[in-house]
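Reproduced below: target-v2.json, with JSON, C-alpha atoms.
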```json
[["chain", "number", "residue", "atom", "x", "y", "z"],
["T", 1, "MET", "CA", -51.81, 28.57, 9.82],
["T", 2, "GLU", "CA", -48.15, 27.87, 9.06],
["T", 3, "THR", "CA", -46.72, 24.37, 9.22],
["T", 4, "TRP", "CA", -43.66, 23.56, 11.33],
["T", 5, "ASP", "CA", -41.28, 23.52, 8.36],
["T", 6, "GLN", "CA", -42.43, 27.00, 7.28],
["T", 7, "GLN", "CA", -41.92, 28.24, 10.84],
["T", 8, "LEU", "CA", -38.44, 26.68, 10.94],
["T", 9, "LEU", "CA", -37.52, 28.28, 7.64],
["T", 10, "ALA", "CA", -38.73, 31.67, 8.85],
["T", 11, "PHE", "CA", -36.68, 31.26, 12.06],
["T", 12, "ILE", "CA", -33.54, 30.31, 10.10],
["T", 13, "ILE", "CA", -33.95, 33.29, 7.78],
["T", 14, "LYS", "CA", -34.50, 35.67, 10.69],
["T", 15, "TYR", "CA", -31.48, 34.41, 12.69],
["T", 16, "LYS", "CA", -29.27, 33.19, 9.85],
["T", 17, "GLU", "CA", -26.01, 34.51, 11.35],
["T", 18, "ALA", "CA", -26.63, 32.79, 14.68],
["T", 19, "VAL", "CA", -27.73, 29.52, 13.07],
["T", 20, "GLY", "CA", -24.78, 29.58, 10.64],
["T", 21, "GLY", "CA", -22.35, 30.29, 13.49],
["T", 22, "ALA", "CA", -23.76, 27.42, 15.57],
["T", 23, "CYS", "CA", -23.54, 25.00, 12.62],
["T", 24, "LEU", "CA", -19.96, 26.09, 11.89],
["T", 25, "PHE", "CA", -19.01, 25.64, 15.56],
["T", 26, "LEU", "CA", -20.54, 22.12, 15.71],
["T", 27, "LEU", "CA", -18.88, 21.10, 12.44],
["T", 28, "SER", "CA", -15.45, 22.32, 13.52],
["T", 29, "TRP", "CA", -15.82, 20.63, 16.94],
["T", 30, "TYR", "CA", -16.76, 17.35, 15.24],
["T", 31, "MET", "CA", -13.81, 17.52, 12.83],
["T", 32, "LEU", "CA", -11.38, 18.31, 15.65],
["T", 33, "HIS", "CA", -12.79, 15.45, 17.74],
["T", 34, "ARG", "CA", -12.45, 12.96, 14.85],
["T", 35, "PHE", "CA", -8.89, 14.09, 14.18],
["T", 36, "ARG", "CA", -7.95, 13.71, 17.85],
["T", 37, "VAL", "CA", -9.56, 10.27, 18.14],
["T", 38, "PHE", "CA", -7.92, 9.11, 14.92],
["T", 39, "ARG", "CA", -4.45, 10.03, 16.20],
["T", 40, "GLN", "CA", -4.85, 8.36, 19.58],
["T", 41, "PRO", "CA", -3.71, 4.79, 20.08],
["T", 42, "PHE", "CA", -6.39, 2.27, 20.91],
["T", 43, "ARG", "CA", -6.50, -0.17, 23.78],
["T", 44, "ALA", "CA", -5.67, -3.66, 22.60],
["T", 45, "ALA", "CA", -6.18, -5.35, 25.96],
["T", 46, "SER", "CA", -6.33, -4.82, 29.69],
["T", 47, "THR", "CA", -4.65, -7.09, 32.20],
["T", 48, "ASP", "CA", -4.11, -6.98, 35.95],
["T", 49, "ASN", "CA", -0.74, -5.31, 35.37],
["T", 50, "GLY", "CA", -2.10, -2.58, 33.09],
["T", 51, "SER", "CA", -3.35, -1.88, 29.59],
["T", 52, "VAL", "CA", -1.76, -2.56, 26.22],
["T", 53, "TRP", "CA", -2.05, 0.36, 23.77],
["T", 54, "VAL", "CA", -1.24, 0.21, 20.06],
["T", 55, "SER", "CA", -1.11, 3.05, 17.55],
["T", 56, "ARG", "CA", -3.01, 2.75, 14.28],
["T", 57, "ALA", "CA", 0.10, 3.54, 12.25],
["T", 58, "THR", "CA", 1.86, 0.53, 13.77],
["T", 59, "VAL", "CA", -1.01, -1.80, 12.87],
["T", 60, "LEU", "CA", -1.24, -0.40, 9.33],
["T", 61, "ASN", "CA", 2.52, -0.74, 8.71],
["T", 62, "LEU", "CA", 2.43, -4.27, 10.10],
["T", 63, "ILE", "CA", -0.35, -5.27, 7.72],
["T", 64, "GLN", "CA", 1.32, -3.59, 4.73],
["T", 65, "SER", "CA", 4.57, -5.49, 5.36],
["T", 66, "ALA", "CA", 2.81, -8.81, 5.98],
["T", 67, "CYS", "CA", 0.79, -8.56, 2.76],
["T", 68, "ALA", "CA", 3.71, -7.35, 0.63],
["T", 69, "GLY", "CA", 4.99, -10.89, 0.10],
["T", 70, "ILE", "CA", 1.73, -12.22, -1.35],
["T", 71, "GLU", "CA", 1.94, -12.85, -5.07],
["T", 72, "GLY", "CA", -0.85, -11.96, -7.45],
["T", 73, "GLY", "CA", -1.87, -8.65, -5.92],
["T", 74, "SER", "CA", -1.03, -5.75, -3.69],
["T", 75, "VAL", "CA", -2.63, -3.80, -0.87],
["T", 76, "LYS", "CA", -3.53, -0.26, -1.91],
["T", 77, "ARG", "CA", -5.01, 1.00, 1.34],
["T", 78, "VAL", "CA", -5.86, -0.28, 4.82],
["T", 79, "GLN", "CA", -8.62, 1.00, 7.07],
["T", 80, "CYS", "CA", -8.46, 0.20, 10.79],
["T", 81, "ILE", "CA", -11.68, 0.48, 12.83],
["T", 82, "ASN", "CA", -11.50, -0.07, 16.56],
["T", 83, "LYS", "CA", -14.62, -1.32, 18.29],
["T", 84, "ARG", "CA", -15.03, -2.40, 21.90],
["T", 85, "ARG", "CA", -14.14, -6.08, 21.51],
["T", 86, "LEU", "CA", -13.32, -6.19, 17.80],
["T", 87, "LEU", "CA", -10.59, -4.83, 15.57],
["T", 88, "LEU", "CA", -12.05, -4.43, 12.08],
["T", 89, "LEU", "CA", -9.57, -4.17, 9.21],
["T", 90, "LYS", "CA", -10.59, -3.31, 5.65],
["T", 91, "LEU", "CA", -8.01, -4.12, 3.00],
["T", 92, "TYR", "CA", -8.43, -2.47, -0.38],
["T", 93, "ILE", "CA", -6.48, -4.66, -2.81],
["T", 94, "SER", "CA", -5.54, -4.61, -6.47],
["T", 95, "LEU", "CA", -5.20, -8.01, -8.16],
["T", 96, "ASP", "CA", -3.32, -9.17, -11.21],
["T", 97, "VAL", "CA", -5.54, -10.12, -14.15],
["T", 98, "ASN", "CA", -5.53, -13.91, -14.01],
["T", 99, "GLN", "CA", -5.94, -14.24, -10.23],
["T", 100, "SER", "CA", -9.00, -15.58, -8.47],
["T", 101, "PHE", "CA", -10.50, -13.01, -6.11],
["T", 102, "GLU", "CA", -11.73, -15.68, -3.72],
["T", 103, "VAL", "CA", -8.34, -17.36, -3.33],
["T", 104, "SER", "CA", -6.40, -14.09, -3.18],
["T", 105, "SER", "CA", -8.75, -12.54, -0.64],
["T", 106, "MET", "CA", -8.34, -15.58, 1.60],
["T", 107, "ARG", "CA", -4.55, -15.19, 1.38],
["T", 108, "PHE", "CA", -4.72, -11.49, 2.27],
["T", 109, "GLN", "CA", -7.16, -12.14, 5.13],
["T", 110, "GLU", "CA", -4.99, -14.89, 6.57],
["T", 111, "ALA", "CA", -1.78, -12.85, 6.29],
["T", 112, "ALA", "CA", -3.30, -9.76, 7.92],
["T", 113, "LYS", "CA", -4.99, -11.69, 10.71],
["T", 114, "ASN", "CA", -1.85, -13.72, 11.47],
["T", 115, "ALA", "CA", 0.32, -10.59, 11.53],
["T", 116, "VAL", "CA", -1.97, -8.75, 13.94],
["T", 117, "THR", "CA", -2.58, -11.69, 16.27],
["T", 118, "HIS", "CA", 1.12, -12.58, 16.25],
["T", 119, "CYS", "CA", 2.14, -9.02, 17.10],
["T", 120, "LEU", "CA", -0.64, -8.20, 19.57],
["T", 121, "GLY", "CA", -1.36, -11.71, 20.75],
["T", 122, "ALA", "CA", -4.86, -13.09, 20.95],
["T", 123, "LEU", "CA", -6.00, -10.10, 22.96],
["T", 124, "LYS", "CA", -8.80, -8.87, 20.74],
["T", 125, "ALA", "CA", -10.95, -10.44, 18.03],
["T", 126, "VAL", "CA", -9.81, -9.47, 14.54],
["T", 127, "ARG", "CA", -12.06, -9.32, 11.48],
["T", 128, "VAL", "CA", -10.54, -8.70, 8.06],
["T", 129, "ASP", "CA", -12.72, -7.54, 5.16],
["T", 130, "VAL", "CA", -11.24, -7.42, 1.67],
["T", 131, "VAL", "CA", -12.44, -4.99, -1.00],
["T", 132, "LEU", "CA", -11.34, -5.44, -4.63],
["T", 133, "ASP", "CA", -10.26, -1.95, -5.68],
["T", 134, "GLY", "CA", -8.64, -2.63, -9.04],
["T", 135, "VAL", "CA", -7.18, -5.08, -11.53],
["T", 136, "LYS", "CA", -3.71, -4.75, -13.06],
["T", 137, "GLY", "CA", -2.63, -6.05, -16.46],
["T", 138, "GLU", "CA", -4.36, -6.98, -19.69],
["T", 139, "TYR", "CA", -7.10, -9.57, -19.97],
["T", 140, "ILE", "CA", -6.55, -12.14, -22.72],
["T", 141, "ASN", "CA", -9.56, -14.32, -23.49],
["T", 142, "SER", "CA", -8.36, -17.85, -24.25],
["T", 143, "LYS", "CA", -11.51, -18.69, -26.26],
["T", 144, "LYS", "CA", -10.86, -15.88, -28.70],
["T", 145, "SER", "CA", -7.25, -16.90, -29.19],
["T", 146, "VAL", "CA", -8.26, -20.51, -29.94],
["T", 147, "ALA", "CA", -10.99, -19.36, -32.33],
["T", 148, "SER", "CA", -8.65, -16.99, -34.13],
["T", 149, "THR", "CA", -6.04, -19.72, -34.65],
["T", 150, "GLY", "CA", -8.78, -22.00, -35.96],
["T", 151, "LEU", "CA", -9.91, -19.30, -38.36],
["T", 152, "LEU", "CA", -6.34, -18.72, -39.47],
["T", 153, "THR", "CA", -5.75, -22.40, -40.22],
["T", 154, "SER", "CA", -9.02, -22.72, -42.12],
["T", 155, "VAL", "CA", -8.19, -19.73, -44.35],
["T", 156, "SER", "CA", -4.59, -20.67, -45.08],
["T", 157, "GLY", "CA", -4.95, -24.39, -44.40],
["T", 158, "THR", "CA", -4.63, -25.56, -48.00],
["T", 159, "GLU", "CA", -1.42, -23.65, -48.64],
["T", 160, "SER", "CA", 0.18, -24.61, -45.34],
["T", 161, "VAL", "CA", -0.70, -28.30, -45.78],
["T", 162, "LYS", "CA", 1.00, -28.38, -49.16],
["T", 163, "SER", "CA", 4.10, -26.65, -47.86],
["T", 164, "SER", "CA", 4.40, -28.71, -44.70],
["T", 165, "GLU", "CA", 3.38, -32.19, -45.89],
["T", 166, "ASN", "CA", 6.84, -33.54, -45.31],
["T", 167, "SER", "CA", 7.59, -31.96, -41.92],
["T", 168, "SER", "CA", 4.34, -32.00, -39.91],
["T", 169, "THR", "CA", 0.59, -31.98, -40.24],
["T", 170, "VAL", "CA", -1.49, -28.85, -39.74],
["T", 171, "PRO", "CA", -4.82, -29.35, -37.99],
["T", 172, "SER", "CA", -7.92, -28.39, -39.92],
["T", 173, "ALA", "CA", -10.64, -26.16, -38.52],
["T", 174, "GLY", "CA", -12.61, -29.22, -37.36],
["T", 175, "ASP", "CA", -9.66, -30.52, -35.32],
["T", 176, "VAL", "CA", -9.28, -27.36, -33.22],
["T", 177, "LYS", "CA", -11.25, -27.70, -29.98],
["T", 178, "SER", "CA", -12.30, -24.82, -27.81],
["T", 179, "GLU", "CA", -12.78, -24.96, -24.06],
["T", 180, "ASP", "CA", -16.56, -25.31, -24.45],
["T", 181, "ASP", "CA", -16.29, -28.74, -26.15]]
```
Target format structure tokens, applied to this file:
Amino acid sequence: METWDQQLLAFIIKYKEAVGGACLFLLSWYMLHRFRVFRQPFRAASTDNGSVWVSRATVLNLIQSACAGIEGGSVKRVQCINKRRLLLLKLYISLDVNQSFEVSSMRFQEAAKNAVTHCLGALKAVRVDVVLDGVKGEYINSKKSVASTGLLTSVSGTESVKSSENSSTVPSAGDVKSEDD
């Protein structure tokens, strides 16, 4: 007695051209449908006078220009997902090194939401999700720099104290405080 998966495999092998053709047809229909839906504008609101339609490219350009003025990061990519009563925006951002992700994401969320609601009006609920996609710049650890200056003064502290007794005092290794103290 063969199990159902063995029977299915035997059927696929026997009619492989027909099964392959059907799968290729369904895949191409799905891709064409997604492409057509992606290019169509979406309905922002309906009123008694008619409907308000907005293209995705307009919304994406609006968000890019609104978020361009925010310091400390930049928007790499924007994804716009239209649901029945919700416009979901995903911002993929790249931050500068010494920026807080929490504060910067709030700035980007506020700018994108204000731009869309100002342009479209309060016709549809807007949700903005922020995804950290990269960090620009070099990270400099302040604890290491303090420790290295303390190590430098302890090694050459005796010579520098003798040479600078008249002008200023050089702190010893015990006087240097790190951020943990």
**Prompt:** Ser104 of chain T: which residues within 9 Å, counting all atoms listed in the file, same-chain residues fewer than 3 positions away excluded, as a PyMOL selection string?
**Reply:** chain T and resi 70-73+95+99-101+107-109
| field | Counting all atoms listed in the file, the residue of T:Ile93, T:Lys76, T:Ser65, T:Ala44 that sits nearest Val126 of chain T | value |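 The shortest atom-to-atom distance to Val126 of chain T comes from T:Ala44.
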Problem set entry | Spatial neighbours of Glu138 of chain T, max dist 10 Å, all atoms listed in the file, sep filter under 6 positions, as a list in words | Asp96, Val97 and Asn98 of chain T
Query raised in the report: Skipping near chain neighbours, those fewer than 2 positions away, what residues fall within 12 Å of Ala57 of chain T using all atoms listed in the file, listed as a ChimeraX atom specification?
Result: /T:38-42,54-55,59-64,78-80
Take the residues just selected and output them with C-alpha atoms as a PDB file, keeping the file's coordinate frame.
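After the write, selection_31.pdb holds the following:
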```
ATOM      1  CA  PHE T  38      -7.920   9.110  14.920  1.00  0.00           C
ATOM      2  CA  ARG T  39      -4.450  10.030  16.200  1.00  0.00           C
ATOM      3  CA  GLN T  40      -4.850   8.360  19.580  1.00  0.00           C
ATOM      4  CA  PRO T  41      -3.710   4.790  20.080  1.00  0.00           C
ATOM      5  CA  PHE T  42      -6.390   2.270  20.910  1.00  0.00           C
ATOM      6  CA  VAL T  54      -1.240   0.210  20.060  1.00  0.00           C
ATOM      7  CA  SER T  55      -1.110   3.050  17.550  1.00  0.00           C
ATOM      8  CA  VAL T  59      -1.010  -1.800  12.870  1.00  0.00           C
ATOM      9  CA  LEU T  60      -1.240  -0.400   9.330  1.00  0.00           C
ATOM     10  CA  ASN T  61       2.520  -0.740   8.710  1.00  0.00           C
ATOM     11  CA  LEU T  62       2.430  -4.270  10.100  1.00  0.00           C
ATOM     12  CA  ILE T  63      -0.350  -5.270   7.720  1.00  0.00           C
ATOM     13  CA  GLN T  64       1.320  -3.590   4.730  1.00  0.00           C
ATOM     14  CA  VAL T  78      -5.860  -0.280   4.820  1.00  0.00           C
ATOM     15  CA  GLN T  79      -8.620   1.000   7.070  1.00  0.00           C
ATOM     16  CA  CYS T  80      -8.460   0.200  10.790  1.00  0.00           C
TER      17      CYS T  80
END
```
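When atom CA of Asn49 of chain T is paired with atom CA of Val37 of chain T, their separation reads 24.8 Å.
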- Query: What gap, in Å, lies between atom CA of Leu32 of chain T and atom CA of Leu89 of chain T?
  - Reply: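 Separation between atom CA of Leu32 of chain T and atom CA of Leu89 of chain T: 23.5 Å.
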Discussion item. Could you list, as a PyMOL selection string, every residue within 12 Å of segment 7-10 of chain T, counting all atoms listed in the file and ignoring same-chain residues fewer than 6 positions away?
Written reply: chain T and resi 1+16+19
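Distance-wise, atom CA of Leu24 of chain T and atom CA of Asn82 of chain T end up 27.9 Å apart.
Shortest atom-to-atom contact with Gly137 of chain T among T:Ala112, T:Val103, T:Ser94, T:Glu17: T:Ser94, counting all atoms listed in the file.
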Is it possible to produce a file of segment 109-124 of chain T from this structure, with all heavy atoms, as an mmCIF file, in the first residue's frame?
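File produced: part-v2.cif:
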```cif
data_model
loop_
_atom_site.group_PDB
_atom_site.id
_atom_site.type_symbol
_atom_site.label_atom_id
_atom_site.label_comp_id
_atom_site.auth_asym_id
_atom_site.auth_seq_id
_atom_site.Cartn_x
_atom_site.Cartn_y
_atom_site.Cartn_z
ATOM 1 N N GLN T 109 9.763 59.008 12.795
ATOM 2 C CA GLN T 109 8.347 58.641 12.830
ATOM 3 C C GLN T 109 7.468 59.883 12.797
ATOM 4 O O GLN T 109 6.483 59.951 12.063
ATOM 5 C CB GLN T 109 8.035 57.824 14.085
ATOM 6 C CG GLN T 109 8.505 56.404 14.027
ATOM 7 C CD GLN T 109 8.297 55.682 15.337
ATOM 8 O OE1 GLN T 109 8.281 56.285 16.403
ATOM 9 N NE2 GLN T 109 8.154 54.368 15.261
ATOM 10 N N GLU T 110 7.821 60.860 13.604
ATOM 11 C CA GLU T 110 7.029 62.085 13.670
ATOM 12 C C GLU T 110 7.054 62.843 12.343
ATOM 13 O O GLU T 110 6.017 63.310 11.867
ATOM 14 C CB GLU T 110 7.550 62.974 14.800
ATOM 15 C CG GLU T 110 6.734 64.214 15.031
ATOM 16 C CD GLU T 110 7.273 65.022 16.206
ATOM 17 O OE1 GLU T 110 7.767 64.426 17.166
ATOM 18 O OE2 GLU T 110 7.192 66.253 16.118
ATOM 19 N N ALA T 111 8.234 62.941 11.730
ATOM 20 C CA ALA T 111 8.344 63.664 10.455
ATOM 21 C C ALA T 111 7.547 62.965 9.356
ATOM 22 O O ALA T 111 6.833 63.617 8.582
ATOM 23 C CB ALA T 111 9.811 63.794 10.050
ATOM 24 N N ALA T 112 7.641 61.644 9.273
ATOM 25 C CA ALA T 112 6.920 60.913 8.232
ATOM 26 C C ALA T 112 5.413 60.983 8.449
ATOM 27 O O ALA T 112 4.652 61.207 7.502
ATOM 28 C CB ALA T 112 7.380 59.456 8.199
ATOM 29 N N LYS T 113 4.987 60.819 9.683
ATOM 30 C CA LYS T 113 3.550 60.847 9.966
ATOM 31 C C LYS T 113 2.978 62.239 9.711
ATOM 32 O O LYS T 113 1.901 62.383 9.134
ATOM 33 C CB LYS T 113 3.295 60.410 11.400
ATOM 34 C CG LYS T 113 1.855 60.171 11.706
ATOM 35 C CD LYS T 113 1.685 59.515 13.061
ATOM 36 C CE LYS T 113 0.237 59.163 13.282
ATOM 37 N NZ LYS T 113 0.048 58.417 14.512
ATOM 38 N N ASN T 114 3.693 63.280 10.138
ATOM 39 C CA ASN T 114 3.221 64.644 9.903
ATOM 40 C C ASN T 114 3.162 64.967 8.408
ATOM 41 O O ASN T 114 2.231 65.635 7.954
ATOM 42 C CB ASN T 114 4.111 65.658 10.617
ATOM 43 C CG ASN T 114 3.890 65.655 12.112
ATOM 44 O OD1 ASN T 114 2.883 65.171 12.608
ATOM 45 N ND2 ASN T 114 4.865 66.173 12.843
ATOM 46 N N ALA T 115 4.137 64.520 7.642
ATOM 47 C CA ALA T 115 4.152 64.797 6.205
ATOM 48 C C ALA T 115 2.963 64.130 5.509
ATOM 49 O O ALA T 115 2.290 64.750 4.688
ATOM 50 C CB ALA T 115 5.460 64.322 5.592
ATOM 51 N N VAL T 116 2.693 62.883 5.855
ATOM 52 C CA VAL T 116 1.601 62.165 5.201
ATOM 53 C C VAL T 116 0.251 62.721 5.627
ATOM 54 O O VAL T 116 -0.626 62.951 4.794
ATOM 55 C CB VAL T 116 1.703 60.651 5.488
ATOM 56 C CG1 VAL T 116 0.460 59.919 5.027
ATOM 57 C CG2 VAL T 116 2.925 60.078 4.813
ATOM 58 N N THR T 117 0.054 62.962 6.911
ATOM 59 C CA THR T 117 -1.238 63.485 7.358
ATOM 60 C C THR T 117 -1.450 64.918 6.894
ATOM 61 O O THR T 117 -2.581 65.320 6.642
ATOM 62 C CB THR T 117 -1.384 63.408 8.890
ATOM 63 O OG1 THR T 117 -0.289 64.088 9.509
ATOM 64 C CG2 THR T 117 -1.437 61.974 9.346
ATOM 65 N N HIS T 118 -0.376 65.695 6.762
ATOM 66 C CA HIS T 118 -0.512 67.061 6.265
ATOM 67 C C HIS T 118 -0.879 67.060 4.781
ATOM 68 O O HIS T 118 -1.711 67.845 4.338
ATOM 69 C CB HIS T 118 0.783 67.840 6.492
ATOM 70 C CG HIS T 118 0.728 69.245 5.986
ATOM 71 N ND1 HIS T 118 -0.027 70.211 6.586
ATOM 72 C CD2 HIS T 118 1.326 69.831 4.916
ATOM 73 C CE1 HIS T 118 0.101 71.348 5.910
ATOM 74 N NE2 HIS T 118 0.915 71.138 4.902
ATOM 75 N N CYS T 119 -0.272 66.168 4.026
ATOM 76 C CA CYS T 119 -0.545 66.108 2.590
ATOM 77 C C CYS T 119 -1.896 65.469 2.295
ATOM 78 O O CYS T 119 -2.672 65.985 1.507
ATOM 79 C CB CYS T 119 0.563 65.324 1.897
ATOM 80 S SG CYS T 119 0.351 65.194 0.124
ATOM 81 N N LEU T 120 -2.178 64.335 2.932
ATOM 82 C CA LEU T 120 -3.418 63.614 2.658
ATOM 83 C C LEU T 120 -4.567 64.040 3.559
ATOM 84 O O LEU T 120 -5.701 63.710 3.286
ATOM 85 C CB LEU T 120 -3.199 62.108 2.843
ATOM 86 C CG LEU T 120 -2.161 61.450 1.961
ATOM 87 C CD1 LEU T 120 -2.050 59.983 2.322
ATOM 88 C CD2 LEU T 120 -2.522 61.612 0.513
ATOM 89 N N GLY T 121 -4.257 64.725 4.629
ATOM 90 C CA GLY T 121 -5.270 65.021 5.631
ATOM 91 C C GLY T 121 -5.408 63.827 6.559
ATOM 92 O O GLY T 121 -4.757 62.808 6.397
ATOM 93 N N ALA T 122 -6.277 63.949 7.523
ATOM 94 C CA ALA T 122 -6.480 62.850 8.472
ATOM 95 C C ALA T 122 -7.507 61.880 7.913
ATOM 96 O O ALA T 122 -8.519 61.586 8.528
ATOM 97 C CB ALA T 122 -6.924 63.403 9.815
ATOM 98 N N LEU T 123 -7.250 61.385 6.707
ATOM 99 C CA LEU T 123 -8.205 60.526 6.038
ATOM 100 C C LEU T 123 -8.029 59.059 6.395
ATOM 101 O O LEU T 123 -8.966 58.293 6.375
ATOM 102 C CB LEU T 123 -8.066 60.694 4.523
ATOM 103 C CG LEU T 123 -8.218 62.133 4.018
ATOM 104 C CD1 LEU T 123 -7.940 62.197 2.540
ATOM 105 C CD2 LEU T 123 -9.604 62.643 4.330
ATOM 106 N N LYS T 124 -6.828 58.658 6.708
ATOM 107 C CA LYS T 124 -6.515 57.269 6.975
ATOM 108 C C LYS T 124 -5.518 57.200 8.123
ATOM 109 O O LYS T 124 -4.671 58.070 8.255
ATOM 110 C CB LYS T 124 -5.897 56.665 5.712
ATOM 111 C CG LYS T 124 -5.962 55.199 5.621
ATOM 112 C CD LYS T 124 -5.527 54.771 4.235
ATOM 113 C CE LYS T 124 -6.099 53.414 3.958
ATOM 114 N NZ LYS T 124 -5.755 52.917 2.659
#
```
